[in-house]
>>> print(open('input.txt').read())   # compact mmCIF, C-alpha atoms and all ligand atoms
# COMPACT_ATOMS: atom_id res chain seq x y z
CA MET A 168 0.00 0.00 0.00
CA SER A 169 1.31 3.44 -0.78
CA GLY A 170 0.30 7.05 -1.10
CA GLU A 171 -1.37 7.45 2.30
CA ARG A 172 -0.92 10.84 3.90
CA ILE A 173 -0.42 11.40 7.59
CA PRO A 174 -3.28 13.62 8.78
CA PRO A 175 -2.05 17.20 9.45
CA LEU A 176 -3.61 17.01 12.91
CA VAL A 177 -1.52 13.94 13.69
CA ARG A 178 1.68 15.61 12.53
CA ALA A 179 0.86 18.70 14.58
CA THR A 180 0.16 16.46 17.58
CA LEU A 181 3.50 14.70 17.18
CA VAL A 182 5.37 17.97 16.89
CA ALA A 183 3.62 19.19 20.04
CA LYS A 184 4.41 15.89 21.76
CA GLY A 185 8.07 16.19 20.78
CA LEU A 186 8.18 19.62 22.38
CA THR A 187 6.30 18.62 25.52
CA PRO A 188 7.96 16.84 28.46
CA PRO A 189 6.54 13.30 28.86
CA TYR A 190 5.09 14.00 32.31
CA LEU A 191 3.19 17.00 30.95
CA TRP A 192 2.05 15.07 27.87
CA ALA A 193 0.59 12.31 30.04
CA PHE A 194 -1.17 14.94 32.13
CA LEU A 195 -2.66 16.66 29.05
CA LYS A 196 -3.78 13.35 27.56
CA ARG A 197 -5.58 12.52 30.77
CA LEU A 198 -7.30 15.89 30.68
CA ARG A 199 -8.39 15.25 27.10
CA ASN A 200 -9.94 11.98 28.22
CA ARG A 201 -11.79 13.98 30.87
CA ARG A 202 -10.20 12.18 33.75
CA GLU A 203 -9.18 13.57 37.07
CA PRO A 204 -5.64 14.95 36.91
CA PRO A 205 -3.02 12.98 38.85
CA THR A 206 -2.38 14.08 42.38
CA THR A 207 1.37 13.93 41.84
CA VAL A 208 3.33 14.91 38.76
CA GLU A 209 6.81 13.56 38.07
CA ALA A 210 9.61 16.06 38.12
CA PRO A 211 10.99 16.72 34.64
CA ALA A 212 14.30 15.04 33.87
CA SER A 213 16.75 17.63 32.66
CA ALA A 214 17.65 17.20 29.00
CA ALA A 215 16.12 13.73 28.99
CA PRO A 216 16.73 11.88 25.72
CA PRO A 217 13.64 11.34 23.56
CA GLU A 218 11.38 8.35 24.16
CA TRP A 219 11.94 7.09 20.59
CA GLU A 220 15.21 6.89 18.68
CA TYR A 221 16.04 5.61 15.21
CA VAL A 222 18.72 2.88 15.43
CA PRO A 223 20.41 2.58 12.02
CA GLU A 224 22.67 -0.27 13.18
CA GLY A 225 19.60 -2.27 14.26
CA TRP A 226 19.81 -5.21 16.68
CA LYS A 227 23.57 -4.83 17.13
CA ARG A 228 22.87 -2.02 19.63
CA PRO A 229 23.25 -3.39 23.20
CA VAL A 230 20.15 -2.49 25.24
CA GLY A 231 18.29 -3.76 28.30
CA GLY A 232 15.34 -5.53 26.69
CA TRP A 233 12.03 -6.80 28.05
CA ASP A 234 13.11 -9.24 30.74
CA GLY A 235 13.87 -6.94 33.68
CA THR A 236 12.21 -7.30 37.08
CA ALA A 237 11.06 -3.65 36.93
CA ILE A 238 8.68 -4.58 34.10
CA VAL A 239 7.20 -7.41 36.15
CA GLU A 240 6.77 -5.15 39.16
CA ALA A 241 5.19 -2.40 37.02
CA TYR A 242 2.71 -4.92 35.54
CA ARG A 243 2.00 -6.29 39.02
CA ALA A 244 1.37 -2.79 40.43
CA LYS A 245 -1.09 -1.97 37.61
CA TRP A 246 -2.95 -5.29 37.68
CA PRO A 247 -5.63 -4.40 40.30
CA SER A 248 -6.37 -1.15 38.50
CA PHE A 249 -6.59 -3.07 35.20
CA LEU A 250 -9.06 -5.55 36.72
CA ALA A 251 -11.16 -2.68 38.09
CA ALA A 252 -11.21 -1.00 34.66
CA THR A 253 -12.53 -4.16 32.99
CA ALA A 254 -15.17 -5.06 35.61
CA GLY A 255 -18.90 -4.75 34.94
CA SER A 256 -20.60 -3.49 31.82
CA GLY A 257 -18.87 -0.13 31.45
CA PRO A 258 -16.77 0.85 28.44
CA LEU A 259 -13.65 -1.13 27.55
CA GLY A 260 -11.46 1.79 26.52
CA VAL A 261 -8.83 0.10 28.65
CA ASN A 262 -5.11 0.65 28.29
CA HIS A 263 -2.88 -1.00 30.87
CA GLU A 264 0.26 0.69 29.52
CA VAL A 265 -0.17 3.88 31.52
CA PRO A 266 2.55 5.95 33.15
CA ALA A 267 3.68 4.54 36.50
CA GLY A 268 1.27 5.50 39.28
CA ALA A 269 -1.59 6.47 36.95
CA PRO A 270 -4.86 4.55 37.15
CA VAL A 271 -5.73 2.30 34.22
CA PRO A 272 -8.47 4.12 32.31
CA ARG A 273 -11.58 2.53 30.83
CA ASP A 274 -12.67 5.59 28.84
CA ASP A 275 -9.65 5.99 26.57
CA ARG A 276 -11.20 6.21 23.13
CA ASP A 277 -8.00 5.22 21.33
CA ALA A 278 -7.59 2.17 23.56
CA GLN A 279 -11.18 1.18 22.83
CA GLN A 280 -10.26 0.86 19.16
CA ASN A 281 -7.54 -1.66 20.04
CA VAL A 282 -10.02 -3.59 22.16
CA LEU A 283 -12.66 -3.60 19.41
CA VAL A 284 -10.13 -4.90 16.89
CA PHE A 285 -9.39 -7.73 19.31
CA ALA A 286 -13.13 -8.28 19.85
CA TYR A 287 -13.67 -8.58 16.08
CA ALA A 288 -10.96 -11.25 15.84
CA LEU A 289 -12.15 -13.11 18.94
CA LEU A 290 -15.79 -13.21 17.89
CA SER A 291 -14.78 -14.28 14.38
CA ALA A 292 -12.93 -17.19 15.95
CA VAL A 293 -15.90 -18.23 18.10
CA ARG A 294 -18.22 -18.99 15.16
CA GLY A 295 -20.69 -21.21 16.98
CA ARG A 296 -18.14 -22.84 19.29
CA ASP A 297 -18.78 -23.12 23.01
CA THR A 298 -15.04 -23.03 23.77
CA VAL A 299 -12.49 -20.90 21.97
CA SER A 300 -8.76 -21.54 22.34
CA MET A 301 -6.34 -18.67 22.12
CA LEU A 302 -2.56 -18.22 22.15
CA ASP A 303 -1.44 -14.73 23.13
CA TRP A 304 2.19 -14.32 22.01
CA GLY A 305 3.78 -11.63 24.18
CA GLY A 306 0.62 -11.77 26.26
CA GLY A 307 2.30 -10.95 29.57
CA PRO A 308 0.26 -11.93 32.63
CA GLY A 309 -2.92 -12.27 30.57
CA HIS A 310 -4.56 -8.90 29.99
CA TYR A 311 -6.29 -10.27 26.89
CA ALA A 312 -7.65 -13.22 28.87
CA VAL A 313 -9.50 -10.79 31.11
CA LEU A 314 -10.67 -8.70 28.15
CA ALA A 315 -11.75 -11.79 26.22
CA ARG A 316 -13.90 -13.01 29.12
CA ALA A 317 -15.50 -9.57 29.30
CA LEU A 318 -16.24 -9.72 25.56
CA LEU A 319 -17.33 -13.30 24.94
CA PRO A 320 -21.04 -14.12 24.74
CA ASP A 321 -22.56 -15.95 27.72
CA GLY A 322 -21.86 -19.66 27.59
CA VAL A 323 -18.63 -19.42 25.57
CA GLU A 324 -15.54 -20.53 27.48
CA LEU A 325 -12.01 -19.30 26.85
CA GLU A 326 -9.02 -21.62 26.87
CA TYR A 327 -6.19 -19.12 27.18
CA HIS A 328 -2.42 -19.49 26.81
CA SER A 329 0.15 -16.71 27.04
CA ARG A 330 3.71 -17.04 25.71
CA ASP A 331 6.04 -14.51 27.25
CA LEU A 332 9.38 -14.13 29.03
CA ALA A 333 9.99 -15.90 32.35
CA GLY A 334 9.20 -13.03 34.75
CA LEU A 335 5.82 -12.17 33.22
CA VAL A 336 4.95 -15.85 32.88
CA ALA A 337 5.52 -16.26 36.63
CA LEU A 338 3.30 -13.24 37.29
CA GLY A 339 0.60 -14.66 35.02
CA ARG A 340 0.61 -17.98 36.89
CA GLU A 341 0.12 -16.00 40.09
CA VAL A 342 -2.72 -13.69 38.97
CA LEU A 343 -4.54 -16.08 36.60
CA PRO A 344 -3.78 -19.54 37.98
CA GLY A 345 -6.48 -21.20 35.86
CA ASP A 346 -4.85 -20.17 32.57
CA GLY A 347 -1.80 -21.38 30.67
CA PHE A 348 1.53 -19.52 30.71
CA ASP A 349 4.62 -20.64 28.85
CA ASP A 350 8.11 -19.21 28.61
CA THR A 351 9.15 -21.62 25.86
CA ASP A 352 7.98 -22.14 22.31
CA ALA A 353 6.50 -25.52 23.23
CA CYS A 354 3.11 -23.80 23.11
CA LEU A 355 3.56 -23.31 19.35
CA GLU A 356 3.45 -27.02 18.71
CA ARG A 357 -0.33 -27.22 18.60
CA ARG A 358 -3.08 -25.15 17.02
CA TYR A 359 -5.47 -22.60 18.52
CA ASP A 360 -8.70 -21.11 17.17
CA LEU A 361 -7.08 -17.69 17.53
CA VAL A 362 -3.45 -16.63 17.77
CA VAL A 363 -2.82 -13.03 18.83
CA ALA A 364 0.38 -11.00 18.76
CA SER A 365 -0.49 -7.56 20.09
CA SER A 366 2.35 -5.05 20.30
CA SER A 367 4.77 -7.95 20.45
CA LEU A 368 5.80 -9.16 16.98
CA GLN A 369 8.01 -6.08 16.65
CA TYR A 370 10.15 -7.28 19.57
CA ALA A 371 11.20 -10.48 17.80
CA PRO A 372 14.60 -9.82 16.20
CA ALA A 373 13.67 -12.39 13.50
CA TRP A 374 10.08 -11.15 13.10
CA GLN A 375 9.47 -12.95 9.80
CA GLU A 376 10.40 -16.30 11.36
CA ALA A 377 8.21 -15.55 14.39
CA LEU A 378 5.28 -14.65 12.12
CA VAL A 379 5.62 -17.93 10.22
CA ARG A 380 5.61 -19.89 13.49
CA LEU A 381 2.56 -17.99 14.77
CA ALA A 382 0.75 -18.64 11.51
CA GLY A 383 1.53 -22.35 11.89
CA ALA A 384 -0.20 -22.35 15.29
CA ALA A 385 -3.30 -20.55 13.99
CA GLY A 386 -6.04 -23.10 13.46
CA GLN A 387 -8.33 -20.45 12.06
CA TYR A 388 -7.36 -16.82 12.79
CA LEU A 389 -4.14 -14.92 13.40
CA LEU A 390 -4.35 -11.34 14.66
CA VAL A 391 -1.13 -9.34 14.49
CA THR A 392 -1.97 -5.95 15.88
CA ARG A 393 -0.55 -2.76 17.37
CA VAL A 394 2.40 -3.11 15.02
CA PRO A 395 4.31 0.01 13.99
CA VAL A 396 4.41 -0.13 10.20
CA ALA A 397 6.53 1.43 7.47
CA LEU A 398 4.29 2.14 4.52
CA HIS A 399 7.04 2.90 2.02
CA ALA A 400 10.45 2.09 3.52
CA PRO A 401 11.87 -1.35 4.28
CA SER A 402 11.61 -2.48 7.91
CA PHE A 403 13.88 -0.58 10.31
CA VAL A 404 14.69 -0.57 14.03
CA VAL A 405 13.85 1.96 16.72
CA LEU A 406 14.65 2.14 20.41
CA GLN A 407 12.04 3.02 23.00
CA ARG A 408 12.97 4.42 26.40
CA ALA A 409 10.12 3.13 28.53
CA TYR A 410 11.01 4.76 31.85
CA ARG A 411 7.79 6.70 32.21
CA TYR A 412 5.83 3.43 32.30
CA GLY A 413 7.91 2.34 35.29
CA TYR A 414 9.70 -0.33 33.19
CA ASP A 415 13.19 1.01 33.98
CA THR A 416 14.54 -0.18 30.65
CA GLU A 417 14.90 0.58 27.00
CA TYR A 418 14.40 -1.89 24.22
CA LEU A 419 14.65 -2.26 20.47
CA GLY A 420 11.74 -2.96 18.19
CA TRP A 421 11.02 -3.16 14.50
CA VAL A 422 9.00 -0.76 12.48
CA VAL A 423 7.80 -3.49 10.16
CA SER A 424 7.33 -3.01 6.43
CA ARG A 425 3.56 -3.27 6.00
CA ASP A 426 3.85 -4.91 2.58
CA GLU A 427 6.43 -7.43 3.76
CA LEU A 428 4.31 -8.34 6.79
CA VAL A 429 1.32 -9.08 4.57
CA ALA A 430 3.49 -11.00 2.09
CA VAL A 431 5.07 -13.14 4.83
CA GLY A 432 1.66 -13.74 6.44
CA GLU A 433 0.03 -14.74 3.17
CA GLY A 434 3.10 -16.76 2.20
CA THR A 435 2.19 -19.16 5.02
CA GLY A 436 -1.09 -20.01 3.30
CA LEU A 437 -3.23 -17.68 5.40
CA ARG A 438 -5.22 -14.91 3.75
CA LEU A 439 -5.46 -11.32 4.94
CA ARG A 440 -9.10 -11.05 6.05
CA ARG A 441 -9.06 -7.49 7.39
CA GLU A 442 -6.53 -4.73 7.95
CA PHE A 443 -7.08 -2.10 10.65
CA VAL A 444 -5.67 1.40 11.01
CA LEU A 445 -5.07 2.31 14.63
CA PRO A 446 -4.96 5.65 16.42
CA ALA A 447 -1.32 5.51 17.50
CA TRP A 448 1.81 7.05 16.07
CA LEU A 449 5.44 7.23 17.10
CA SER A 450 8.09 9.64 15.99
CA ALA A 451 11.80 8.77 15.81
CA VAL A 452 13.78 11.64 14.38
CA GLY A 453 15.83 10.69 11.32
CA ALA A 454 14.04 7.39 10.74
CA PRO A 455 13.24 6.36 7.14
CA GLU A 456 9.59 7.15 7.97
CA ASP A 457 8.52 9.68 10.57
CA PRO A 458 5.91 9.67 11.99
CA VAL A 459 5.14 5.98 12.01
CA GLU A 460 1.61 4.66 12.29
CA HIS A 461 0.31 1.42 13.81
CA ARG A 462 -1.92 -1.18 12.18
CA GLY A 463 -3.55 -4.50 12.81
CA PHE A 464 -3.83 -7.48 10.45
CA LEU A 465 -6.32 -10.32 10.78
CA PHE A 466 -5.32 -13.37 8.78
CA VAL A 467 -7.60 -16.37 8.26
CA ARG A 468 -6.76 -19.93 7.31
CA SER A 469 -9.67 -20.67 5.03
CA SER A 470 -12.42 -18.65 3.40
CA GLY A 471 -13.83 -17.76 6.85
C1 LIG B 1 4.25 -3.83 24.67
S1 LIG B 1 4.02 -5.33 25.55
C2 LIG B 1 2.47 -5.85 24.91
C3 LIG B 1 1.67 -6.62 25.91
C4 LIG B 1 0.29 -7.09 25.39
N1 LIG B 1 0.41 -8.04 24.30
C5 LIG B 1 -0.57 -5.92 24.98
O1 LIG B 1 -0.86 -5.75 23.79
O2 LIG B 1 -0.94 -5.16 25.84
C6 LIG B 1 5.16 -6.43 24.75
C7 LIG B 1 5.16 -7.83 25.30
O3 LIG B 1 5.96 -8.67 24.47
C8 LIG B 1 6.74 -9.50 25.30
N2 LIG B 1 7.90 -9.98 24.59
C9 LIG B 1 9.00 -9.29 24.20
N3 LIG B 1 9.87 -10.09 23.59
C10 LIG B 1 9.31 -11.33 23.57
C11 LIG B 1 9.73 -12.61 23.07
N4 LIG B 1 10.91 -12.77 22.48
N5 LIG B 1 8.91 -13.65 23.23
C12 LIG B 1 7.71 -13.50 23.83
N6 LIG B 1 7.26 -12.32 24.34
C13 LIG B 1 8.06 -11.26 24.20
C14 LIG B 1 7.07 -8.60 26.46
O4 LIG B 1 7.57 -9.29 27.58
C15 LIG B 1 5.73 -7.93 26.70
O5 LIG B 1 4.88 -8.68 27.50
>>> encode(input="input.txt", output="structure tokens")
Amino acid sequence: MSGERIPPLVRATLVAKGLTPPYLWAFLKRLRNRREPPTTVEAPASAAPPEWEYVPEGWKRPVGGWDGTAIVEAYRAKWPSFLAATAGSGPLGVNHEVPAGAPVPRDDRDAQQNVLVFAYALLSAVRGRDTVSMLDWGGGPGHYAVLARALLPDGVELEYHSRDLAGLVALGREVLPGDGFDDTDACLERRYDLVVASSSLQYAPAWQEALVRLAGAAGQYLLVTRVPVALHAPSFVVLQRAYRYGYDTEYLGWVVSRDELVAVGEGTGLRLRREFVLPAWLSAVGAPEDPVEHRGFLFVRSSG
């Protein structure tokens, strides 16, 4: 796909975001979502480096990665707030990736789009079944298990498995003891009605190989979503400094060529059933594409 234009409002927003300290940006975003402002505001770091950086040398750059204990503790600290945000019949504009100390919102309109994309994939996979099996690759302690149970029709059971790194798998076993958590690829040796990779494929250094393996485990549907995509350039690597989320780390991730992702996905024998544009952008100065948008891709095994 080519020729899409970034909306002027988005570009203006990114410029404003680039000029605004992260603590102030989080505060303004909360105001926009008509939430109560936080009672405490982080002090600004002096001359803090930007959250996003283009990394021309790619995966050769030594960085911390996703397996630190700070990430596990940040996820653990946010879990009760996440559960509260998903309880009952209120809106599911839920985003658990909030700045450290902030409550998990349920009225974030952008987050609701991510949830509805997931709901579309999940309900497609149900198709008359009374149990739906799901593998959540990079699923952490099981946020999508909770969302799925909030979304499924009465009488439909979820058989949920998350594949993640050891620390988050241990947390998942603690908070959702009835579900499956795996820190090895053994979970890819069977098929599931739905395989999901949400904001995770980009963290696989060999993303094409990972996508092929995920496709192999998809009995019916494969949802690859919240992926930063390059619409014109070949795939490239960016670094994210994730300190404001309480993760105390920085990690590399791909901005994946949209066309290559679809070609690799369809090369496995699946068919692209639906592509989604998502309301999220990142900006890494000097990158082959800037700003970068995010998309979702629902692949299906048959004509379903
Ligand atoms: C940005 S979070 C996304 C969490 C969740 N899927 C969501 O959409 O909210 C990225 C997740 O990918 C996981 N991850 C990173 N590298 C991974 C790998 N090599 N194998 C499995 N999971 C990985 C991280 O531990 C983390 O849970």
>>> residues_around(input="input.txt", residues="A:Thr236", least_positions_apart="3", cutoff="10 Å", atoms="only C-alpha atoms", output="PDB file with C-alpha atoms, in the frame of the given file")
ATOM      1  CA  TRP A 233      12.030  -6.800  28.050  1.00  0.00           C
ATOM      2  CA  VAL A 239       7.200  -7.410  36.150  1.00  0.00           C
ATOM      3  CA  GLU A 240       6.770  -5.150  39.160  1.00  0.00           C
ATOM      4  CA  ALA A 241       5.190  -2.400  37.020  1.00  0.00           C
ATOM      5  CA  TYR A 242       2.710  -4.920  35.540  1.00  0.00           C
ATOM      6  CA  GLY A 334       9.200 -13.030  34.750  1.00  0.00           C
ATOM      7  CA  LEU A 335       5.820 -12.170  33.220  1.00  0.00           C
ATOM      8  CA  TYR A 414       9.700  -0.330  33.190  1.00  0.00           C
ATOM      9  CA  ASP A 415      13.190   1.010  33.980  1.00  0.00           C
ATOM     10  CA  THR A 416      14.540  -0.180  30.650  1.00  0.00           C
TER      11      THR A 416
END
>>> atom_distance(input="input.txt", atom1="atom CA of A:Ala292", atom2="atom CA of A:Arg441")
13.5 Å
>>> closest_residue(input="input.txt", among="A:Tyr418, A:Phe443, A:Trp304, A:Tyr410", to="ligand LIG 1 (chain B)", atoms="only C-alpha atoms and all ligand atoms")
A:Trp304
>>> atom_distance(input="input.txt", atom1="atom CA of A:Asp457", atom2="atom CA of A:Val404")
12.5 Å
>>> closest_residue(input="input.txt", among="A:Asp331, A:Glu456, A:Glu433, A:Glu224", to="ligand LIG 1 (chain B)", atoms="only C-alpha atoms and all ligand atoms")
A:Asp331
>>> closest_atom_pairs(input="input.txt", of="chain A", to="ligand LIG 1 (chain B)", cutoff="10 Å", atoms="only C-alpha atoms and all ligand atoms", output="Markdown table")
| residue | atom | partner | partner_atom | distance |
| --- | --- | --- | --- | --- |
| A:Gly232 | CA | B:LIG1 | N3 | 7.8 |
| A:Trp233 | CA | B:LIG1 | O4 | 5.1 |
| A:Asp234 | CA | B:LIG1 | O4 | 6.4 |
| A:Gly235 | CA | B:LIG1 | O4 | 9.1 |
| A:Ile238 | CA | B:LIG1 | O4 | 8.1 |
| A:Val239 | CA | B:LIG1 | O4 | 8.8 |
| A:Tyr242 | CA | B:LIG1 | O5 | 9.1 |
| A:Val261 | CA | B:LIG1 | O2 | 9.9 |
| A:Asn262 | CA | B:LIG1 | O2 | 7.6 |
| A:His263 | CA | B:LIG1 | O2 | 6.8 |
| A:Glu264 | CA | B:LIG1 | O2 | 7.0 |
| A:Asn281 | CA | B:LIG1 | O1 | 8.7 |
| A:Val282 | CA | B:LIG1 | O1 | 9.6 |
| A:Phe285 | CA | B:LIG1 | O1 | 9.8 |
| A:Asp303 | CA | B:LIG1 | N1 | 7.0 |
| A:Trp304 | CA | B:LIG1 | C12 | 5.9 |
| A:Gly305 | CA | B:LIG1 | N6 | 3.6 |
| A:Gly306 | CA | B:LIG1 | N1 | 4.2 |
| A:Gly307 | CA | B:LIG1 | O5 | 4.0 |
| A:Pro308 | CA | B:LIG1 | O5 | 7.6 |
| A:Gly309 | CA | B:LIG1 | C4 | 8.0 |
| A:His310 | CA | B:LIG1 | O2 | 6.7 |
| A:Tyr311 | CA | B:LIG1 | C5 | 7.4 |
| A:Ser329 | CA | B:LIG1 | N6 | 8.8 |
| A:Arg330 | CA | B:LIG1 | C12 | 5.7 |
| A:Asp331 | CA | B:LIG1 | N6 | 3.8 |
| A:Leu332 | CA | B:LIG1 | O4 | 5.4 |
| A:Ala333 | CA | B:LIG1 | O4 | 8.5 |
| A:Gly334 | CA | B:LIG1 | O4 | 8.2 |
| A:Leu335 | CA | B:LIG1 | O4 | 6.6 |
| A:Val336 | CA | B:LIG1 | O4 | 8.8 |
| A:Asp349 | CA | B:LIG1 | C12 | 9.3 |
| A:Asp350 | CA | B:LIG1 | C12 | 7.5 |
| A:Thr351 | CA | B:LIG1 | N5 | 8.4 |
| A:Asp352 | CA | B:LIG1 | N5 | 8.6 |
| A:Val363 | CA | B:LIG1 | N1 | 8.1 |
| A:Ala364 | CA | B:LIG1 | N1 | 6.3 |
| A:Ser365 | CA | B:LIG1 | O1 | 4.1 |
| A:Ser366 | CA | B:LIG1 | C2 | 4.7 |
| A:Ser367 | CA | B:LIG1 | O3 | 4.3 |
| A:Leu368 | CA | B:LIG1 | O3 | 7.5 |
| A:Gln369 | CA | B:LIG1 | N3 | 8.2 |
| A:Tyr370 | CA | B:LIG1 | N3 | 4.9 |
| A:Ala371 | CA | B:LIG1 | N4 | 5.2 |
| A:Pro372 | CA | B:LIG1 | N4 | 7.9 |
| A:Ala373 | CA | B:LIG1 | N4 | 9.4 |
| A:Trp374 | CA | B:LIG1 | N4 | 9.6 |
| A:Ala377 | CA | B:LIG1 | N4 | 9.0 |
| A:Val391 | CA | B:LIG1 | O1 | 10.0 |
| A:Thr392 | CA | B:LIG1 | O1 | 8.0 |
| A:Arg393 | CA | B:LIG1 | O1 | 7.1 |
| A:Val394 | CA | B:LIG1 | O1 | 9.7 |
| A:Ala409 | CA | B:LIG1 | C1 | 9.9 |
| A:Tyr418 | CA | B:LIG1 | C9 | 9.2 |
| A:Leu419 | CA | B:LIG1 | N3 | 9.7 |
| A:Gly420 | CA | B:LIG1 | N3 | 9.1 |
>>> atom_distance(input="input.txt", atom1="atom CA of A:Pro320", atom2="atom CA of A:Thr253")
15.5 Å
>>> residues_near_point(input="input.txt", point="(-3.3, -18.8, 15.3)", cutoff="10 Å", atoms="all atoms listed in the file", output="ChimeraX atom specification")
/A:292,300-304,355,357-364,380-391,437,466-468
>>> closest_residue(input="input.txt", among="A:Glu356, A:Thr435, A:Val422, A:Glu427", to="A:Glu460", atoms="only C-alpha atoms")
A:Val422
>>> residues_around(input="input.txt", residues="A:Ala315", least_positions_apart="2", cutoff="9 Å", atoms="all atoms listed in the file", output="list in words")
Phe285, Ala286, Leu289, His310, Tyr311, Ala312, Val313, Ala317, Leu318, Leu319 and Leu325 of chain A
>>> closest_residue(input="input.txt", among="A:Ala278, A:Ala254, A:Ala215, A:Leu338", to="A:Pro446", atoms="only C-alpha atoms")
A:Ala278
>>> closest_residue(input="input.txt", among="A:Phe464, A:Ser291, A:Arg243, A:Gly413", to="A:Glu341", atoms="all atoms listed in the file")
A:Arg243
>>> residues_around(input="input.txt", residues="A:Pro258", least_positions_apart="4", cutoff="10 Å", atoms="all atoms listed in the file", output="list in words")
Ala252, Thr253, Ala254, Pro272, Arg273, Asp274, Asp275, Arg276 and Gln279 of chain A
>>> closest_residue(input="input.txt", among="A:Thr298, A:Leu406, A:Glu376, A:Gly347", to="A:Ser450", atoms="only C-alpha atoms")
A:Leu406
>>> build_atoms(input="input.txt", residues="stretch 432-443 of chain A", atoms="N, CA, C and O atoms", output="PDB file, in the coordinates of the input")
ATOM      1  N   GLY A 432       2.862 -13.110   5.887  1.00  0.00           N
ATOM      2  CA  GLY A 432       1.660 -13.740   6.440  1.00  0.00           C
ATOM      3  C   GLY A 432       0.946 -14.574   5.387  1.00  0.00           C
ATOM      4  O   GLY A 432       0.578 -15.738   5.629  1.00  0.00           O
ATOM      5  N   GLU A 433       0.748 -13.997   4.208  1.00  0.00           N
ATOM      6  CA  GLU A 433       0.030 -14.740   3.170  1.00  0.00           C
ATOM      7  C   GLU A 433       0.878 -15.860   2.575  1.00  0.00           C
ATOM      8  O   GLU A 433       0.335 -16.846   2.069  1.00  0.00           O
ATOM      9  N   GLY A 434       2.208 -15.707   2.685  1.00  0.00           N
ATOM     10  CA  GLY A 434       3.100 -16.760   2.200  1.00  0.00           C
ATOM     11  C   GLY A 434       2.969 -18.045   3.002  1.00  0.00           C
ATOM     12  O   GLY A 434       3.398 -19.116   2.561  1.00  0.00           O
ATOM     13  N   THR A 435       2.377 -17.960   4.186  1.00  0.00           N
ATOM     14  CA  THR A 435       2.190 -19.160   5.020  1.00  0.00           C
ATOM     15  C   THR A 435       0.921 -19.925   4.626  1.00  0.00           C
ATOM     16  O   THR A 435       0.615 -20.959   5.202  1.00  0.00           O
ATOM     17  N   GLY A 436       0.160 -19.356   3.695  1.00  0.00           N
ATOM     18  CA  GLY A 436      -1.090 -20.010   3.300  1.00  0.00           C
ATOM     19  C   GLY A 436      -2.308 -19.355   3.921  1.00  0.00           C
ATOM     20  O   GLY A 436      -3.440 -19.677   3.561  1.00  0.00           O
ATOM     21  N   LEU A 437      -2.083 -18.428   4.861  1.00  0.00           N
ATOM     22  CA  LEU A 437      -3.230 -17.680   5.400  1.00  0.00           C
ATOM     23  C   LEU A 437      -3.589 -16.570   4.405  1.00  0.00           C
ATOM     24  O   LEU A 437      -2.813 -16.228   3.514  1.00  0.00           O
ATOM     25  N   ARG A 438      -4.767 -16.002   4.621  1.00  0.00           N
ATOM     26  CA  ARG A 438      -5.220 -14.910   3.750  1.00  0.00           C
ATOM     27  C   ARG A 438      -5.523 -13.708   4.637  1.00  0.00           C
ATOM     28  O   ARG A 438      -6.065 -13.861   5.742  1.00  0.00           O
ATOM     29  N   LEU A 439      -5.139 -12.526   4.168  1.00  0.00           N
ATOM     30  CA  LEU A 439      -5.460 -11.320   4.940  1.00  0.00           C
ATOM     31  C   LEU A 439      -6.971 -11.093   4.861  1.00  0.00           C
ATOM     32  O   LEU A 439      -7.522 -10.852   3.792  1.00  0.00           O
ATOM     33  N   ARG A 440      -7.632 -11.185   6.017  1.00  0.00           N
ATOM     34  CA  ARG A 440      -9.100 -11.050   6.050  1.00  0.00           C
ATOM     35  C   ARG A 440      -9.496  -9.595   6.259  1.00  0.00           C
ATOM     36  O   ARG A 440     -10.469  -9.123   5.696  1.00  0.00           O
ATOM     37  N   ARG A 441      -8.737  -8.900   7.115  1.00  0.00           N
ATOM     38  CA  ARG A 441      -9.060  -7.490   7.390  1.00  0.00           C
ATOM     39  C   ARG A 441      -7.832  -6.788   7.934  1.00  0.00           C
ATOM     40  O   ARG A 441      -7.128  -7.318   8.784  1.00  0.00           O
ATOM     41  N   GLU A 442      -7.611  -5.581   7.440  1.00  0.00           N
ATOM     42  CA  GLU A 442      -6.530  -4.730   7.950  1.00  0.00           C
ATOM     43  C   GLU A 442      -7.159  -3.583   8.726  1.00  0.00           C
ATOM     44  O   GLU A 442      -8.234  -3.089   8.351  1.00  0.00           O
ATOM     45  N   PHE A 443      -6.536  -3.167   9.788  1.00  0.00           N
ATOM     46  CA  PHE A 443      -7.080  -2.100  10.650  1.00  0.00           C
ATOM     47  C   PHE A 443      -6.057  -0.970  10.768  1.00  0.00           C
ATOM     48  O   PHE A 443      -4.862  -1.228  10.994  1.00  0.00           O
TER      49      PHE A 443
END
